[in-house]
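What follows is one structure encoded as structure tokens, with my remarks underneath.
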Amino acid sequence: MAMATQPASTTKDWREIEKRADTMVPADIAERIPVQVTDGGRAVRIGKSRVTLPVLIGDYRNGRSVECLANEVFPHLEQTDVQAVIDYYNSDEGSWIDPYIEVLLPAADLRHQDFQRRWEAGEFGSRRFGSKSHNGSNE
């Protein structure tokens with residue numbers, strides 16, 4: 001029988017990486033481009049959406065145009081907001097974005113591994129969306 005190994009990732013690991021990434025975000029970024037810094041400084045989101053800067057830039061890096069991003073991939077985003085973010089990314093001012101994303105990528109992998117480990121260990125219980133609670137109401 002194979003023994004379980006100690007997980008290489010923990011919640012602390014990915015949180016430490018995210019904290020390091022947070023220090024890379026300029027304090028006045030929301031004054032420069034249409035973004036909001038949310039989740040206690042852990043996420044840079046485009047406009048008033050939940051789309052994060054790394055997701056938008058990742059799709060742009062993969063060859064999607066501003067028009068495609070705004071009209072097809074993220075139709076809830078304003079094209080002027082997407083254009084402003086991409087213009088900023090391509091400027092000297094946006095030179096912090098690629099290193100910021102590179103720091104965040106390992107955190108995302110560790111977060112996923114940590115979640116998977118906790119899921120498999122049953123840490124989230126047996127509740128499912130839409131299931132009945134103990135008092136018979138929907139949760």
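Chain lettering (A, B, ...) mirrors the order of the structure tokens, residue numbering begins at 1 for each chain separately, and ligand numbering begins at 1 in order of display.
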Using DSSP on the backbone coordinates, identify all residues within range 26-138 of chain A classified as alpha helix (DSSP H); present the result as a PyMOL selection string. chain A and resi 29-32+53-61+66-68+79-90+97-120
Dump of N, CA and C atoms for the selected residues, as a compact mmCIF listing (two decimals), in the first residue's frame:
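What ended up in selection.txt:
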# COMPACT_ATOMS: atom_id res chain seq x y z
N ILE A 29 -2.53 52.54 -9.75
CA ILE A 29 -2.90 51.90 -11.02
C ILE A 29 -4.34 52.23 -11.44
N ALA A 30 -5.26 52.30 -10.50
CA ALA A 30 -6.66 52.57 -10.83
C ALA A 30 -6.86 54.00 -11.32
N GLU A 31 -5.90 54.86 -11.08
CA GLU A 31 -5.95 56.23 -11.60
C GLU A 31 -5.42 56.30 -13.03
N ARG A 32 -4.65 55.30 -13.43
CA ARG A 32 -4.02 55.30 -14.75
C ARG A 32 -4.84 54.57 -15.81
N LEU A 53 -6.55 41.10 -14.60
CA LEU A 53 -5.52 41.57 -15.53
C LEU A 53 -4.75 40.41 -16.14
N PRO A 54 -4.29 39.41 -15.35
CA PRO A 54 -3.57 38.29 -15.97
C PRO A 54 -4.39 37.51 -16.99
N VAL A 55 -5.68 37.38 -16.77
CA VAL A 55 -6.52 36.65 -17.73
C VAL A 55 -6.64 37.43 -19.03
N LEU A 56 -6.92 38.73 -18.93
CA LEU A 56 -7.04 39.56 -20.14
C LEU A 56 -5.73 39.59 -20.91
N ILE A 57 -4.62 39.83 -20.20
CA ILE A 57 -3.32 39.91 -20.87
C ILE A 57 -2.93 38.55 -21.44
N GLY A 58 -3.26 37.47 -20.75
CA GLY A 58 -2.97 36.13 -21.27
C GLY A 58 -3.65 35.88 -22.60
N ASP A 59 -4.93 36.27 -22.69
CA ASP A 59 -5.64 36.10 -23.96
C ASP A 59 -5.05 37.01 -25.04
N TYR A 60 -4.67 38.22 -24.67
CA TYR A 60 -4.04 39.14 -25.62
C TYR A 60 -2.71 38.57 -26.11
N ARG A 61 -1.91 38.04 -25.19
CA ARG A 61 -0.63 37.42 -25.57
C ARG A 61 -0.83 36.24 -26.52
N VAL A 66 -7.96 43.37 -29.52
CA VAL A 66 -8.80 44.13 -28.59
C VAL A 66 -10.27 43.92 -28.95
N GLU A 67 -10.58 43.97 -30.24
CA GLU A 67 -11.97 43.79 -30.68
C GLU A 67 -12.49 42.41 -30.30
N CYS A 68 -11.69 41.39 -30.49
CA CYS A 68 -12.10 40.03 -30.13
C CYS A 68 -12.29 39.91 -28.62
N GLN A 79 -15.12 48.08 -24.74
CA GLN A 79 -13.97 48.01 -25.63
C GLN A 79 -12.98 49.13 -25.31
N THR A 80 -13.45 50.29 -24.90
CA THR A 80 -12.54 51.38 -24.55
C THR A 80 -11.70 51.01 -23.32
N ASP A 81 -12.28 50.26 -22.36
CA ASP A 81 -11.52 49.81 -21.20
C ASP A 81 -10.45 48.80 -21.61
N VAL A 82 -10.84 47.86 -22.45
CA VAL A 82 -9.88 46.85 -22.92
C VAL A 82 -8.75 47.53 -23.68
N GLN A 83 -9.10 48.47 -24.56
CA GLN A 83 -8.08 49.19 -25.33
C GLN A 83 -7.13 49.95 -24.41
N ALA A 84 -7.66 50.61 -23.40
CA ALA A 84 -6.82 51.38 -22.47
C ALA A 84 -5.86 50.46 -21.71
N VAL A 85 -6.34 49.30 -21.29
CA VAL A 85 -5.48 48.36 -20.57
C VAL A 85 -4.39 47.82 -21.48
N ILE A 86 -4.75 47.46 -22.71
CA ILE A 86 -3.77 46.92 -23.66
C ILE A 86 -2.74 47.99 -24.04
N ASP A 87 -3.21 49.22 -24.26
CA ASP A 87 -2.27 50.32 -24.56
C ASP A 87 -1.30 50.52 -23.41
N TYR A 88 -1.79 50.48 -22.19
CA TYR A 88 -0.94 50.63 -21.02
C TYR A 88 0.04 49.46 -20.94
N TYR A 89 -0.43 48.26 -21.16
CA TYR A 89 0.43 47.06 -21.13
C TYR A 89 1.57 47.19 -22.13
N ASN A 90 1.28 47.72 -23.31
CA ASN A 90 2.29 47.85 -24.36
C ASN A 90 3.20 49.06 -24.17
N ILE A 97 3.83 44.45 -15.65
CA ILE A 97 2.74 43.46 -15.78
C ILE A 97 3.27 42.06 -16.08
N ASP A 98 4.19 41.91 -17.03
CA ASP A 98 4.70 40.56 -17.34
C ASP A 98 5.37 39.91 -16.12
N PRO A 99 6.26 40.63 -15.41
CA PRO A 99 6.83 40.01 -14.21
C PRO A 99 5.77 39.70 -13.14
N TYR A 100 4.77 40.55 -13.02
CA TYR A 100 3.66 40.33 -12.07
C TYR A 100 2.93 39.03 -12.41
N ILE A 101 2.63 38.83 -13.68
CA ILE A 101 1.95 37.61 -14.10
C ILE A 101 2.84 36.39 -13.86
N GLU A 102 4.12 36.52 -14.15
CA GLU A 102 5.04 35.40 -13.93
C GLU A 102 5.13 35.00 -12.45
N VAL A 103 5.01 35.96 -11.57
CA VAL A 103 4.99 35.65 -10.15
C VAL A 103 3.69 34.96 -9.76
N LEU A 104 2.58 35.40 -10.36
CA LEU A 104 1.27 34.85 -10.00
C LEU A 104 1.03 33.43 -10.52
N LEU A 105 1.66 33.06 -11.63
CA LEU A 105 1.40 31.73 -12.20
C LEU A 105 1.69 30.59 -11.23
N PRO A 106 2.83 30.58 -10.55
CA PRO A 106 3.04 29.50 -9.58
C PRO A 106 2.02 29.52 -8.44
N ALA A 107 1.57 30.70 -8.05
CA ALA A 107 0.57 30.79 -6.99
C ALA A 107 -0.73 30.13 -7.43
N ALA A 108 -1.11 30.35 -8.69
CA ALA A 108 -2.34 29.72 -9.20
C ALA A 108 -2.21 28.20 -9.21
N ASP A 109 -1.05 27.70 -9.62
CA ASP A 109 -0.83 26.25 -9.61
C ASP A 109 -0.87 25.70 -8.19
N LEU A 110 -0.21 26.38 -7.25
CA LEU A 110 -0.22 25.93 -5.86
C LEU A 110 -1.62 25.98 -5.25
N ARG A 111 -2.36 27.05 -5.59
CA ARG A 111 -3.74 27.16 -5.09
C ARG A 111 -4.57 25.99 -5.59
N HIS A 112 -4.43 25.66 -6.85
CA HIS A 112 -5.18 24.54 -7.43
C HIS A 112 -4.78 23.22 -6.75
N GLN A 113 -3.48 22.99 -6.58
CA GLN A 113 -3.01 21.76 -5.93
C GLN A 113 -3.53 21.68 -4.49
N ASP A 114 -3.51 22.80 -3.79
CA ASP A 114 -3.98 22.84 -2.42
C ASP A 114 -5.47 22.52 -2.36
N PHE A 115 -6.24 23.11 -3.25
CA PHE A 115 -7.67 22.83 -3.30
C PHE A 115 -7.92 21.36 -3.61
N GLN A 116 -7.21 20.83 -4.59
CA GLN A 116 -7.38 19.43 -4.98
C GLN A 116 -7.07 18.49 -3.81
N ARG A 117 -5.98 18.77 -3.12
CA ARG A 117 -5.60 17.96 -1.97
C ARG A 117 -6.68 18.01 -0.89
N ARG A 118 -7.17 19.22 -0.60
CA ARG A 118 -8.20 19.38 0.43
C ARG A 118 -9.51 18.72 0.01
N TRP A 119 -9.83 18.80 -1.27
CA TRP A 119 -11.05 18.16 -1.79
C TRP A 119 -10.97 16.65 -1.61
N GLU A 120 -9.84 16.09 -2.03
CA GLU A 120 -9.66 14.64 -1.92
C GLU A 120 -9.62 14.16 -0.47
Within 10 Å of Asp22 in chain A, counting only C-alpha atoms, which residues qualify if same-chain residues fewer than 6 places away don't, as a tab-separated table (two decimals) with N, CA and C atoms, in the first residue's frame?
chain	number	residue	atom	x	y	z
A	16	GLU	N	1.73	33.52	0.25
A	16	GLU	CA	3.00	34.25	0.28
A	16	GLU	C	3.38	34.75	-1.11
A	37	VAL	N	-8.54	47.39	-7.89
A	37	VAL	CA	-7.75	46.45	-7.12
A	37	VAL	C	-8.67	45.95	-6.02
A	40	GLY	N	-8.63	42.64	-1.12
A	40	GLY	CA	-7.54	43.04	-0.23
A	40	GLY	C	-6.24	43.29	-0.96
A	41	GLY	N	-6.32	43.68	-2.23
A	41	GLY	CA	-5.11	43.94	-3.01
A	41	GLY	C	-4.62	42.73	-3.77
A	42	ARG	N	-5.35	41.64	-3.75
A	42	ARG	CA	-4.90	40.40	-4.38
A	42	ARG	C	-5.28	40.27	-5.85
A	43	ALA	N	-6.17	41.12	-6.34
A	43	ALA	CA	-6.59	40.99	-7.73
A	43	ALA	C	-6.73	42.35	-8.39
A	44	VAL	N	-6.23	42.46	-9.60
A	44	VAL	CA	-6.42	43.64	-10.43
A	44	VAL	C	-7.46	43.24	-11.47
A	100	TYR	N	4.77	40.55	-13.02
A	100	TYR	CA	3.66	40.33	-12.07
A	100	TYR	C	2.93	39.03	-12.41
A	103	VAL	N	5.01	35.96	-11.57
A	103	VAL	CA	4.99	35.65	-10.15
A	103	VAL	C	3.69	34.96	-9.76
A	104	LEU	N	2.58	35.40	-10.36
A	104	LEU	CA	1.27	34.85	-10.00
A	104	LEU	C	1.03	33.43	-10.52
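Separating CA of Ser65 in chain A from CA of Glu18 in chain A is a distance of 28.3 Å.
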